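A.B. asks: If it helps, the file is called target.txt and holds compact mmCIF, C-alpha atoms:
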# COMPACT_ATOMS: atom_id res chain seq x y z
CA MET A 1 0.00 0.00 0.00
CA LEU A 2 2.79 2.37 0.90
CA PRO A 3 4.44 2.23 -2.56
CA ILE A 4 1.17 3.22 -4.23
CA ILE A 5 0.79 6.17 -1.90
CA GLY A 6 4.42 7.01 -2.71
CA LEU A 7 3.65 6.87 -6.41
CA ILE A 8 0.70 9.21 -5.99
CA ILE A 9 2.78 11.59 -3.86
CA GLY A 10 5.54 11.49 -6.49
CA ILE A 11 3.13 12.33 -9.29
CA ALA A 12 1.70 15.15 -7.21
CA ILE A 13 5.17 16.54 -6.52
CA GLY A 14 6.10 16.28 -10.19
CA LEU A 15 2.94 18.06 -11.30
CA VAL A 16 3.36 20.79 -8.70
CA LEU A 17 7.06 21.38 -9.37
CA ASN A 18 6.54 21.23 -13.12
CA ILE A 19 10.27 21.11 -13.79
CA PRO A 20 11.01 22.41 -17.28
CA ILE A 21 13.09 19.94 -19.25
CA PRO A 22 14.50 21.06 -22.60
CA GLN A 23 13.46 19.06 -25.62
CA ALA A 24 17.03 17.83 -26.12
CA TYR A 25 16.83 15.90 -22.83
CA SER A 26 13.35 14.48 -23.25
CA LYS A 27 14.90 11.23 -24.44
CA TYR A 28 16.90 10.93 -21.21
CA LEU A 29 13.79 11.61 -19.25
CA GLY A 30 11.91 8.89 -21.09
CA ILE A 31 14.71 6.43 -20.43
CA ALA A 32 14.79 7.46 -16.76
CA VAL A 33 11.04 6.81 -16.51
CA LEU A 34 11.49 3.40 -18.06
CA ALA A 35 14.38 2.59 -15.72
CA ALA A 36 12.39 3.65 -12.69
CA LEU A 37 9.39 1.65 -13.86
CA ASP A 38 11.60 -1.37 -14.47
CA SER A 39 13.11 -1.03 -11.03
CA ALA A 40 9.72 -0.72 -9.36
CA VAL A 41 8.34 -3.80 -11.08
CA GLY A 42 11.63 -5.65 -10.51
CA GLY A 43 11.52 -4.73 -6.82
CA LEU A 44 7.94 -5.93 -6.59
CA ARG A 45 8.90 -9.22 -8.14
CA ALA A 46 11.89 -9.63 -5.80
CA SER A 47 9.78 -8.85 -2.80
CA LEU A 48 7.21 -11.44 -3.89
CA GLU A 49 9.97 -13.98 -4.34
CA MET A 50 11.22 -13.00 -0.90
CA LYS A 51 14.63 -12.19 -2.40
CA PHE A 52 14.54 -8.43 -1.94
CA ASN A 53 17.87 -6.83 -1.14
CA ASP A 54 17.95 -3.05 -0.96
CA LYS A 55 21.68 -2.82 -1.79
CA LEU A 56 21.18 -4.85 -4.94
CA PHE A 57 18.00 -2.92 -5.62
CA PHE A 58 19.53 0.55 -5.43
CA THR A 59 22.79 -0.36 -7.19
CA GLY A 60 20.62 -1.93 -9.88
CA ILE A 61 18.60 1.25 -10.27
CA PHE A 62 21.67 3.45 -10.52
CA SER A 63 23.70 1.22 -12.79
CA ASN A 64 20.74 0.66 -15.10
CA THR A 65 19.90 4.34 -15.24
CA LEU A 66 23.47 5.44 -15.79
CA MET A 67 24.04 2.80 -18.46
CA ALA A 68 20.81 3.77 -20.20
CA ALA A 69 21.80 7.45 -20.08
CA PHE A 70 25.22 6.58 -21.48
CA ILE A 71 23.68 4.58 -24.31
CA VAL A 72 21.38 7.45 -25.16
CA PHE A 73 24.30 9.87 -25.07
CA MET A 74 26.41 7.64 -27.33
CA GLY A 75 23.48 7.20 -29.69
CA ASP A 76 23.09 10.95 -29.96
CA ARG A 77 26.79 11.34 -30.63
CA LEU A 78 26.95 8.55 -33.19
CA GLY A 79 23.74 9.50 -34.90
CA VAL A 80 22.30 6.03 -34.23
CA ASP A 81 19.09 5.54 -32.28
CA LEU A 82 20.88 3.51 -29.64
CA TYR A 83 18.38 4.58 -27.01
CA LEU A 84 16.02 2.11 -28.64
CA ALA A 85 18.28 -0.64 -27.25
CA ALA A 86 17.71 0.65 -23.72
CA VAL A 87 14.00 1.01 -24.39
CA VAL A 88 13.77 -2.55 -25.70
CA ALA A 89 15.87 -3.96 -22.87
CA PHE A 90 13.82 -2.20 -20.21
CA GLY A 91 10.60 -3.03 -22.00
CA VAL A 92 11.39 -6.71 -22.26
CA ARG A 93 12.42 -6.89 -18.62
CA LEU A 94 9.35 -5.00 -17.61
CA PHE A 95 7.04 -7.49 -19.26
CA GLN A 96 9.03 -10.45 -17.94
CA ASN A 97 8.86 -9.12 -14.39
CA LEU A 98 5.20 -8.34 -14.81
CA ALA A 99 4.56 -11.91 -15.96
CA LEU A 100 6.47 -13.27 -12.98
CA VAL A 101 4.59 -11.00 -10.58
CA ARG A 102 1.35 -12.23 -12.08
CA ARG A 103 2.43 -15.85 -11.74
CA HIS A 104 3.37 -15.25 -8.09
CA TYR A 105 0.00 -13.84 -7.30
CA PHE A 106 -1.66 -16.81 -8.94
CA GLN A 107 0.48 -19.26 -6.98
CA LYS A 108 -0.10 -17.41 -3.76
CA ARG A 109 -3.85 -17.51 -4.13
CA HIS A 110 -3.93 -20.97 -5.61
CA TRP A 111 -5.85 -19.93 -8.72
CA GLU A 112 -4.02 -22.37 -10.88
CA MET B 1 13.22 -6.99 5.84
CA LYS B 2 9.60 -6.22 5.23
CA ARG B 3 9.94 -2.62 6.38
CA ASN B 4 13.05 -2.23 4.33
CA TRP B 5 11.28 -3.49 1.27
CA HIS B 6 8.39 -1.11 1.75
CA ILE B 7 10.58 1.94 2.25
CA SER B 8 12.78 1.18 -0.73
CA MET B 9 9.80 0.55 -2.94
CA THR B 10 8.11 3.72 -1.74
CA LEU B 11 11.23 5.72 -2.46
CA VAL B 12 11.50 4.30 -5.94
CA CYS B 13 7.80 4.87 -6.51
CA ILE B 14 8.13 8.52 -5.44
CA ILE B 15 10.98 8.97 -7.90
CA LEU B 16 8.99 7.16 -10.56
CA GLY B 17 6.01 9.42 -9.90
CA ILE B 18 8.09 12.57 -10.13
CA LEU B 19 9.69 11.37 -13.35
CA LEU B 20 6.36 10.35 -14.81
CA ALA B 21 4.75 13.67 -14.00
CA THR B 22 7.74 15.64 -15.28
CA SER B 23 7.86 13.63 -18.45
CA PHE B 24 4.15 14.04 -18.93
CA ASN B 25 4.37 17.78 -18.40
CA THR B 26 7.38 18.12 -20.66
CA GLN B 27 5.75 16.22 -23.49
CA ARG B 28 2.57 18.22 -23.15
CA ARG B 29 4.49 21.48 -23.12
CA LEU B 30 6.49 20.49 -26.18
CA HIS B 31 3.36 19.61 -28.08
CA GLU B 32 1.71 22.83 -27.07
CA ALA B 33 4.79 24.83 -27.93
CA ILE B 34 5.03 23.25 -31.36
CA ASN B 35 1.33 23.65 -31.99
CA THR B 36 1.05 27.22 -30.77
CA ASP B 37 4.24 28.22 -32.53
CA ARG B 38 3.09 26.69 -35.75
CA LYS B 39 -0.34 28.18 -35.34
CA LYS B 40 1.11 31.59 -34.63
CA ASP B 41 3.47 31.24 -37.55
CA LEU B 42 0.70 30.21 -39.88
CA ILE B 43 -1.62 32.95 -38.70
CA LYS B 44 1.17 35.48 -39.10
CA THR B 45 2.01 34.14 -42.54
CA VAL B 46 -1.61 34.32 -43.60
CA HIS B 47 -1.94 37.86 -42.29
CA ASP B 48 1.30 38.89 -43.95
CA LEU B 49 0.28 37.37 -47.25
CA GLU B 50 -3.14 38.98 -47.05
CA GLY B 51 -1.50 42.31 -46.40
CA GLN B 52 0.84 41.79 -49.29
CA ARG B 53 -2.01 40.72 -51.52
CA ASP B 54 -4.03 43.82 -50.61
CA LYS B 55 -1.01 46.00 -51.24
CA LEU B 56 -0.39 44.35 -54.59
CA LYS B 57 -4.05 44.70 -55.50
CA LYS B 58 -3.84 48.39 -54.71
CA ASP B 59 -0.65 48.59 -56.77
CA ILE B 60 -2.41 46.91 -59.66
CA ALA B 61 -5.32 49.31 -59.42
CA ASN B 62 -2.94 52.27 -59.30
CA SER B 63 -0.94 50.92 -62.21
CA ARG B 64 -4.10 50.35 -64.23
CA ALA B 65 -5.25 53.89 -63.51
CA GLU B 66 -1.87 55.20 -64.55
CA ILE B 67 -1.91 53.14 -67.72
CA ALA B 68 -5.35 54.47 -68.54
CA ARG B 69 -4.16 58.01 -67.88
CA HIS B 70 -1.12 57.55 -70.07
CA GLU B 71 -3.16 55.93 -72.79
CA LYS B 72 -5.51 58.86 -72.77
CA ILE B 73 -2.63 61.32 -72.96
CA ALA B 74 -1.02 59.22 -75.68
CA ALA B 75 -4.25 59.16 -77.63
CA GLU B 76 -4.58 62.92 -77.31
CA ASN B 77 -0.98 63.37 -78.32
CA GLN B 78 -1.50 60.99 -81.18
CA GLY B 79 -4.43 63.05 -82.34
CA ILE B 80 -2.50 66.31 -82.05
CA LEU B 81 0.53 64.72 -83.65
CA SER B 82 -1.38 63.30 -86.58
CA THR B 83 -3.13 66.62 -87.12
CA TYR B 84 0.16 68.46 -87.08
CA THR B 85 1.81 65.83 -89.21
CA LYS B 86 -0.92 66.12 -91.79
CA GLU B 87 -0.72 69.87 -91.73
CA LEU B 88 3.04 69.71 -91.94
CA GLU B 89 2.81 67.47 -94.97
CA ILE B 90 0.40 69.83 -96.67
CA VAL B 91 2.57 72.84 -95.87
CA LYS B 92 5.73 71.06 -96.97
CA LYS B 93 4.11 70.05 -100.20
CA ALA B 94 2.99 73.59 -100.79
CA ALA B 95 6.42 74.97 -99.90
CA GLY B 96 8.12 72.63 -102.34
CA LEU B 97 10.02 70.67 -99.75
CA THR B 98 8.79 67.33 -101.03
CA GLN B 99 9.45 65.46 -104.20
CA GLU B 100 6.54 65.57 -106.65
CA LYS B 101 5.72 62.75 -108.98
CA GLY B 102 3.06 62.32 -111.57
CA PRO B 103 2.09 62.97 -115.15
CA GLY B 104 3.30 66.20 -116.72
CA LEU B 105 5.58 67.75 -119.28
CA ILE B 106 9.29 67.68 -119.88
CA ILE B 107 10.38 70.68 -121.93
CA THR B 108 13.92 70.93 -123.20
CA LEU B 109 15.25 74.31 -124.31
CA GLY B 110 18.72 74.60 -125.74
CA ASP B 111 21.02 77.11 -127.46
CA ASN B 112 21.82 76.81 -131.12
CA GLN B 113 25.36 75.41 -131.07
CA ASN B 114 25.95 76.06 -134.76
CA TYR B 115 24.89 79.68 -134.94
CA PRO B 116 26.25 81.66 -137.94
CA LYS B 117 29.50 83.34 -136.84
CA ASP B 118 28.92 86.37 -138.97
CA ASP B 119 25.64 87.33 -137.29
CA PRO B 120 26.37 90.13 -134.83
CA ASN B 121 23.24 89.33 -132.81
CA ILE B 122 24.41 86.09 -131.30
CA ASN B 123 22.03 86.73 -128.39
CA ASN B 124 19.25 85.58 -130.67
CA TYR B 125 20.71 82.08 -130.81
CA VAL B 126 20.75 81.40 -127.05
CA ILE B 127 18.07 80.73 -124.47
CA HIS B 128 17.67 83.63 -122.07
CA ASP B 129 16.36 83.91 -118.53
CA TYR B 130 13.18 85.57 -119.82
CA ASP B 131 12.59 82.63 -122.18
CA ILE B 132 12.64 80.28 -119.21
CA ARG B 133 10.42 82.68 -117.24
CA LEU B 134 7.94 82.71 -120.11
CA VAL B 135 7.67 78.95 -120.23
CA VAL B 136 7.56 78.61 -116.42
CA ASN B 137 4.88 81.24 -116.03
CA SER B 138 2.81 79.59 -118.73
CA LEU B 139 3.18 76.29 -116.94
CA TRP B 140 2.07 77.90 -113.67
CA ALA B 141 -0.88 79.32 -115.52
CA GLY B 142 -1.72 75.84 -116.72
CA GLY B 143 -2.01 74.62 -113.16
CA ALA B 144 1.39 73.01 -112.75
CA LYS B 145 1.81 71.57 -109.25
CA ALA B 146 5.57 71.65 -109.25
CA ILE B 147 8.24 72.86 -111.65
CA SER B 148 11.96 72.32 -111.72
CA VAL B 149 14.63 73.61 -114.08
CA ASN B 150 17.72 71.42 -114.39
CA GLY B 151 16.86 69.87 -111.04
CA GLN B 152 16.26 73.22 -109.30
CA ARG B 153 12.84 73.23 -107.75
CA LEU B 154 10.98 76.48 -108.14
CA ILE B 155 9.48 77.72 -104.90
CA SER B 156 7.91 80.97 -103.77
CA THR B 157 11.26 82.75 -103.35
CA SER B 158 12.92 81.29 -106.44
CA SER B 159 14.07 83.68 -109.11
CA ILE B 160 15.16 83.09 -112.68
CA ARG B 161 17.85 85.60 -113.51
CA CYS B 162 20.51 86.17 -116.10
CA ALA B 163 24.06 85.86 -114.89
CA GLY B 164 26.38 86.41 -117.80
CA THR B 165 26.29 83.40 -120.06
CA THR B 166 24.46 81.33 -117.49
CA ILE B 167 21.07 81.47 -115.83
CA LEU B 168 20.79 81.72 -112.07
CA ILE B 169 18.00 79.83 -110.33
CA ASN B 170 17.98 79.33 -106.57
CA SER B 171 21.49 80.83 -106.53
CA THR B 172 22.67 78.01 -108.76
CA ARG B 173 24.20 78.54 -112.19
CA LEU B 174 22.55 76.59 -114.94
CA VAL B 175 23.71 76.16 -118.52
CA SER B 176 22.03 75.10 -121.72
CA PRO B 177 20.30 72.80 -122.37
CA TYR B 178 17.60 73.55 -119.85
CA THR B 179 15.23 70.77 -118.89
CA ILE B 180 12.02 72.10 -117.42
CA LYS B 181 9.96 69.48 -115.67
CA ALA B 182 6.41 70.24 -114.64
CA VAL B 183 3.97 68.04 -112.81
CA GLY B 184 0.41 68.73 -113.78
CA GLU B 185 -2.28 67.68 -116.19
CA PRO B 186 -0.35 67.41 -119.51
CA ASN B 187 -3.21 68.59 -121.71
CA LYS B 188 -3.90 71.64 -119.60
CA LEU B 189 -0.22 72.47 -119.51
CA ILE B 190 0.08 72.22 -123.29
CA ASN B 191 -3.02 74.36 -123.69
CA ALA B 192 -1.47 76.94 -121.39
CA LEU B 193 1.75 76.93 -123.41
CA ASN B 194 -0.27 77.56 -126.55
CA ALA B 195 -2.58 80.08 -124.94
CA ASP B 196 0.23 82.57 -124.34
CA ASN B 197 1.36 84.18 -127.58
CA SER B 198 4.95 84.82 -126.51
CA THR B 199 5.40 81.28 -125.29
CA ARG B 200 3.83 79.78 -128.35
CA GLN B 201 6.08 81.86 -130.60
CA LEU B 202 9.18 81.04 -128.60
CA LEU B 203 8.57 77.29 -128.72
CA GLY B 204 7.40 77.48 -132.31
CA GLU B 205 8.57 80.02 -134.89
CA ILE B 206 11.41 81.62 -132.95
CA ALA B 207 12.98 78.30 -132.00
CA LYS B 208 12.70 77.11 -135.55
CA PHE B 209 14.06 80.33 -137.00
CA TYR B 210 17.11 80.55 -134.78
CA GLY B 211 17.72 76.82 -134.53
CA LEU B 212 17.02 76.64 -130.82
CA THR B 213 16.19 73.35 -129.23
CA ALA B 214 12.58 73.36 -127.99
CA VAL B 215 11.09 69.97 -127.31
CA VAL B 216 7.85 69.51 -125.40
CA LYS B 217 7.35 65.96 -124.26
CA GLN B 218 4.43 64.49 -122.40
CA SER B 219 5.24 62.01 -119.70
CA SER B 220 3.13 59.98 -117.30
CA ASP B 221 5.93 59.88 -114.78
CA VAL B 222 7.60 63.21 -114.20
CA VAL B 223 9.72 63.52 -111.09
CA VAL B 224 10.32 66.99 -109.68
CA PRO B 225 12.86 67.02 -106.83
CA SER B 226 12.37 68.84 -103.57
CA TYR B 227 13.87 72.23 -102.77
CA ASN B 228 17.00 71.88 -100.71
CA GLY B 229 18.24 75.42 -100.25
CA ARG B 230 17.66 78.03 -97.57
CA LEU B 231 14.16 79.12 -96.79
CA LEU B 232 14.64 82.09 -94.50
CA VAL B 233 15.19 85.53 -95.93
CA GLU B 234 17.88 87.22 -93.85
CA ASN B 235 18.93 90.44 -95.50
CA ALA B 236 15.76 91.61 -97.17
CA LYS B 237 13.42 93.55 -94.93
CA VAL B 238 9.84 94.67 -95.33
CA ILE B 239 9.66 98.45 -95.56
CA LYS B 240 7.20 99.93 -93.15
CA GLY B 241 4.28 101.55 -94.85
CA GLY B 242 5.29 100.06 -98.16
CA ASP B 243 3.13 97.84 -100.29
How does this structure look as structure tokens?

C.D. replies:
Amino acid sequence: MLPIIGLIIGIAIGLVLNIPIPQAYSKYLGIAVLAALDSAVGGLRASLEMKFNDKLFFTGIFSNTLMAAFIVFMGDRLGVDLYLAAVVAFGVRLFQNLALVRRHYFQKRHWE
Amino acid sequence: MKRNWHISMTLVCIILGILLATSFNTQRRLHEAINTDRKKDLIKTVHDLEGQRDKLKKDIANSRAEIARHEKIAAENQGILSTYTKELEIVKKAAGLTQEKGPGLIITLGDNQNYPKDDPNINNYVIHDYDIRLVVNSLWAGGAKAISVNGQRLISTSSIRCAGTTILINSTRLVSPYTIKAVGEPNKLINALNADNSTRQLLGEIAKFYGLTAVVKQSSDVVVPSYNGRLLVENAKVIKGGD
């Protein structure tokens, strides 16, 4: 329950602050959103599997985000849409984690 | 462990929320900016073009009005010009400044080259200025339109004078034989030559008697050249009170 409240609070803060981001960095922002979403779903999955480790969790967030940002940066420099790689990677992981989370819930409630 | 998990997840969710909201706002702003900018640009372009169009329309109207004005002036000028040109032509023709062509007479008068050496009156065997005057005046009387003597067009100020052994017309010395060309109706001209006694005698009996050349020839294509000397009288002055 707390994470959902956190999400709502975060959205509220974001809407209130209304931080202006230049168009050039909108790609980075999108990647950051994806990374955060991936981390949240990944964390949920880990917690359901009872394997949650906050050190791993936070280092994962940072390394993923930084790597994604670097890929985007390199893509910009090289003129190749490398950021798509990050988007695909995060997207695939997102759906995998989501599927696992779903499976966990099913197992937990014995719906199978 | 459970608390830890909750706090970490909440933290991440807060960050996610902020990022989501920011991203959302940014995207919306970008769209709006693009749309409003484009809209403004388009509206401005349309207004500019409309202004330009109106200006150009006004220009066209002005130009048309000017063209009409100029055309009117040109037409008036054309009218004036053609009137003056016509008048000028008439005056020129009358003044003898144009070549005259048409049917007429070609009269050749010449001295007797083989006059008898013992005759003291050799003047009888040559053509004199008054002989030419006689013929010319008869031709004028017969309605000649233009007369020339040896290529000298006779105009209002022309004179036919004696200058020693030559004849002076338009300040030009002429020698025998003299070719008098006259444009006019040939029959009338011949009648006029015959009507005057002195002329008839000169061309007839006198010429025959003294062996002078006197040939009157009709022609359907007589060409009388234009006058090409001075027209203005500089030294002669009209006496006041005189006739």

A.B. asks: Tell me as a ChimeraX atom specification which residues belonging to chain B come within 9 Å of chain A, counting only C-alpha atoms.

C.D. replies: /B:1-2,4-27,29-30

A.B. asks: Just to confirm, what's the straight-line distance from atom CA of B:Asp111 to atom CA of B:Lys208 in Å (one decimal)?

C.D. replies: 11.6 Å

A.B. asks: Applying 12 Å and all atoms listed in the file, which residues near B:Asn123 remain after dropping the ones on its own chain fewer than 3 positions away? List them as a PyMOL selection string.

C.D. replies: chain B and resi 111-112+115-117+119-120+126-129+164-165+210+212

A.B. asks: Do you have the atom CA of A:Leu94-atom CA of A:Leu66 distance handy?

C.D. replies: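 Calculated distance between atom CA of A:Leu94 and atom CA of A:Leu66 is 17.7 Å.
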
A.B. asks: Fewer than 6 positions away in the same chain doesn't count, so skip those; otherwise give me all residues within 9 Å of B:Arg161, counting only C-alpha atoms, as a PDB file with C-alpha atoms, in the frame of the given file.

C.D. replies:
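Saved as selection24.pdb:
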ATOM      1  CA  HIS B 128      17.670  83.630-122.070  1.00  0.00           C
ATOM      2  CA  ASP B 129      16.360  83.910-118.530  1.00  0.00           C
ATOM      3  CA  TYR B 130      13.180  85.570-119.820  1.00  0.00           C
ATOM      4  CA  ARG B 133      10.420  82.680-117.240  1.00  0.00           C
ATOM      5  CA  ILE B 167      21.070  81.470-115.830  1.00  0.00           C
ATOM      6  CA  LEU B 168      20.790  81.720-112.070  1.00  0.00           C
ATOM      7  CA  ILE B 169      18.000  79.830-110.330  1.00  0.00           C
TER       8      ILE B 169
END

A.B. asks: Of the residues B:Ile60, B:Leu49, B:Ala74, B:Leu231, which is the one nearest to B:Ile155, using only C-alpha atoms?

C.D. replies: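 Among B:Ile60, B:Leu49, B:Ala74, B:Leu231, it is B:Leu231 that comes nearest to B:Ile155.
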
A.B. asks: Using Å and a single decimal, report how far atom CA of B:Val222 sits from atom CA of B:Gly110.

C.D. replies: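 Atom-to-atom, atom CA of B:Gly110 and atom CA of B:Val222 are spaced 19.7 Å apart.
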
A.B. asks: Which residues come within 7 Å of B:Ser226, counting all atoms listed in the file, excluding same-chain residues fewer than 2 positions away, as a PyMOL selection string?

C.D. replies: chain B and resi 96-99+153+224+228

A.B. asks: Neighbouring residues of A:Ile71 were defined as those with any atom within 9 Å, considering all atoms listed in the file; residues of the same chain fewer than 4 positions away were excluded. Please report them as a ChimeraX atom specification.

C.D. replies: /A:66-67,75-76,82-83,85-86

A.B. asks: Counting all atoms listed in the file, what is within 12 Å of stretch 107-111 of chain A, bar same-chain residues fewer than 6 positions away, as a VMD selection string?

C.D. replies: chain A and resid 48 to 49 100 to 101

A.B. asks: To test the calculation: enclose all listed atoms of stretch 8-11 of chain B in a box whose edges run along x, y and z, add 4 Å on each side, then state centre and edge lengths in Å to one decimal, as AutoDock Vina command-line options.

C.D. replies:
--center_x 10.4 --center_y 3.1 --center_z -1.8 --size_x 12.7 --size_y 13.2 --size_z 10.2

A.B. asks: Which residue, B:Ile43, B:Val215, B:Cys162, B:Ile206, has the smallest gap to B:Thr108 when you use all atoms listed in the file?

C.D. replies: B:Val215

A.B. asks: Go through B:Ser198, B:Thr36, B:Thr45, B:Ser156 and flag the residue nearest B:Asp131, using only C-alpha atoms for the distances.

C.D. replies: B:Ser198

A.B. asks: Kindly add N, CA and C atoms to the incomplete stretch 57-76 of chain A and provide the output as a PDB file, in the frame of the given file.

C.D. replies:
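See selection-v5.pdb below for the written result:
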ATOM      1  N   PHE A  57      19.065  -3.709  -5.031  1.00  0.00           N
ATOM      2  CA  PHE A  57      18.000  -2.920  -5.620  1.00  0.00           C
ATOM      3  C   PHE A  57      18.482  -1.540  -6.056  1.00  0.00           C
ATOM      4  N   PHE A  58      19.110  -0.819  -5.104  1.00  0.00           N
ATOM      5  CA  PHE A  58      19.530   0.550  -5.430  1.00  0.00           C
ATOM      6  C   PHE A  58      20.692   0.599  -6.417  1.00  0.00           C
ATOM      7  N   THR A  59      21.690  -0.330  -6.217  1.00  0.00           N
ATOM      8  CA  THR A  59      22.790  -0.360  -7.190  1.00  0.00           C
ATOM      9  C   THR A  59      22.247  -0.689  -8.574  1.00  0.00           C
ATOM     10  N   GLY A  60      21.259  -1.587  -8.598  1.00  0.00           N
ATOM     11  CA  GLY A  60      20.620  -1.930  -9.880  1.00  0.00           C
ATOM     12  C   GLY A  60      20.000  -0.712 -10.522  1.00  0.00           C
ATOM     13  N   ILE A  61      19.239   0.036  -9.736  1.00  0.00           N
ATOM     14  CA  ILE A  61      18.600   1.250 -10.270  1.00  0.00           C
ATOM     15  C   ILE A  61      19.633   2.173 -10.869  1.00  0.00           C
ATOM     16  N   PHE A  62      20.681   2.465 -10.069  1.00  0.00           N
ATOM     17  CA  PHE A  62      21.670   3.450 -10.520  1.00  0.00           C
ATOM     18  C   PHE A  62      22.444   2.972 -11.730  1.00  0.00           C
ATOM     19  N   SER A  63      22.909   1.718 -11.656  1.00  0.00           N
ATOM     20  CA  SER A  63      23.700   1.220 -12.790  1.00  0.00           C
ATOM     21  C   SER A  63      22.857   1.186 -14.056  1.00  0.00           C
ATOM     22  N   ASN A  64      21.622   0.706 -13.916  1.00  0.00           N
ATOM     23  CA  ASN A  64      20.740   0.660 -15.100  1.00  0.00           C
ATOM     24  C   ASN A  64      20.511   2.048 -15.677  1.00  0.00           C
ATOM     25  N   THR A  65      20.190   2.986 -14.783  1.00  0.00           N
ATOM     26  CA  THR A  65      19.900   4.340 -15.240  1.00  0.00           C
ATOM     27  C   THR A  65      21.114   4.970 -15.901  1.00  0.00           C
ATOM     28  N   LEU A  66      22.263   4.832 -15.238  1.00  0.00           N
ATOM     29  CA  LEU A  66      23.470   5.440 -15.790  1.00  0.00           C
ATOM     30  C   LEU A  66      23.823   4.814 -17.147  1.00  0.00           C
ATOM     31  N   MET A  67      23.728   3.483 -17.212  1.00  0.00           N
ATOM     32  CA  MET A  67      24.040   2.800 -18.460  1.00  0.00           C
ATOM     33  C   MET A  67      23.093   3.254 -19.575  1.00  0.00           C
ATOM     34  N   ALA A  68      21.808   3.339 -19.217  1.00  0.00           N
ATOM     35  CA  ALA A  68      20.810   3.770 -20.200  1.00  0.00           C
ATOM     36  C   ALA A  68      21.128   5.180 -20.684  1.00  0.00           C
ATOM     37  N   ALA A  69      21.473   6.064 -19.716  1.00  0.00           N
ATOM     38  CA  ALA A  69      21.800   7.450 -20.080  1.00  0.00           C
ATOM     39  C   ALA A  69      23.013   7.469 -20.990  1.00  0.00           C
ATOM     40  N   PHE A  70      24.008   6.631 -20.661  1.00  0.00           N
ATOM     41  CA  PHE A  70      25.220   6.580 -21.480  1.00  0.00           C
ATOM     42  C   PHE A  70      24.907   6.116 -22.904  1.00  0.00           C
ATOM     43  N   ILE A  71      24.060   5.090 -22.976  1.00  0.00           N
ATOM     44  CA  ILE A  71      23.680   4.580 -24.310  1.00  0.00           C
ATOM     45  C   ILE A  71      22.979   5.660 -25.127  1.00  0.00           C
ATOM     46  N   VAL A  72      22.089   6.375 -24.452  1.00  0.00           N
ATOM     47  CA  VAL A  72      21.380   7.450 -25.160  1.00  0.00           C
ATOM     48  C   VAL A  72      22.368   8.498 -25.650  1.00  0.00           C
ATOM     49  N   PHE A  73      23.294   8.861 -24.739  1.00  0.00           N
ATOM     50  CA  PHE A  73      24.300   9.870 -25.070  1.00  0.00           C
ATOM     51  C   PHE A  73      25.114   9.425 -26.289  1.00  0.00           C
ATOM     52  N   MET A  74      25.598   8.174 -26.225  1.00  0.00           N
ATOM     53  CA  MET A  74      26.410   7.640 -27.330  1.00  0.00           C
ATOM     54  C   MET A  74      25.602   7.627 -28.631  1.00  0.00           C
ATOM     55  N   GLY A  75      24.330   7.228 -28.497  1.00  0.00           N
ATOM     56  CA  GLY A  75      23.480   7.200 -29.690  1.00  0.00           C
ATOM     57  C   GLY A  75      23.357   8.567 -30.319  1.00  0.00           C
ATOM     58  N   ASP A  76      23.174   9.567 -29.461  1.00  0.00           N
ATOM     59  CA  ASP A  76      23.090  10.950 -29.960  1.00  0.00           C
ATOM     60  C   ASP A  76      24.367  11.329 -30.692  1.00  0.00           C
TER      61      ASP A  76
END
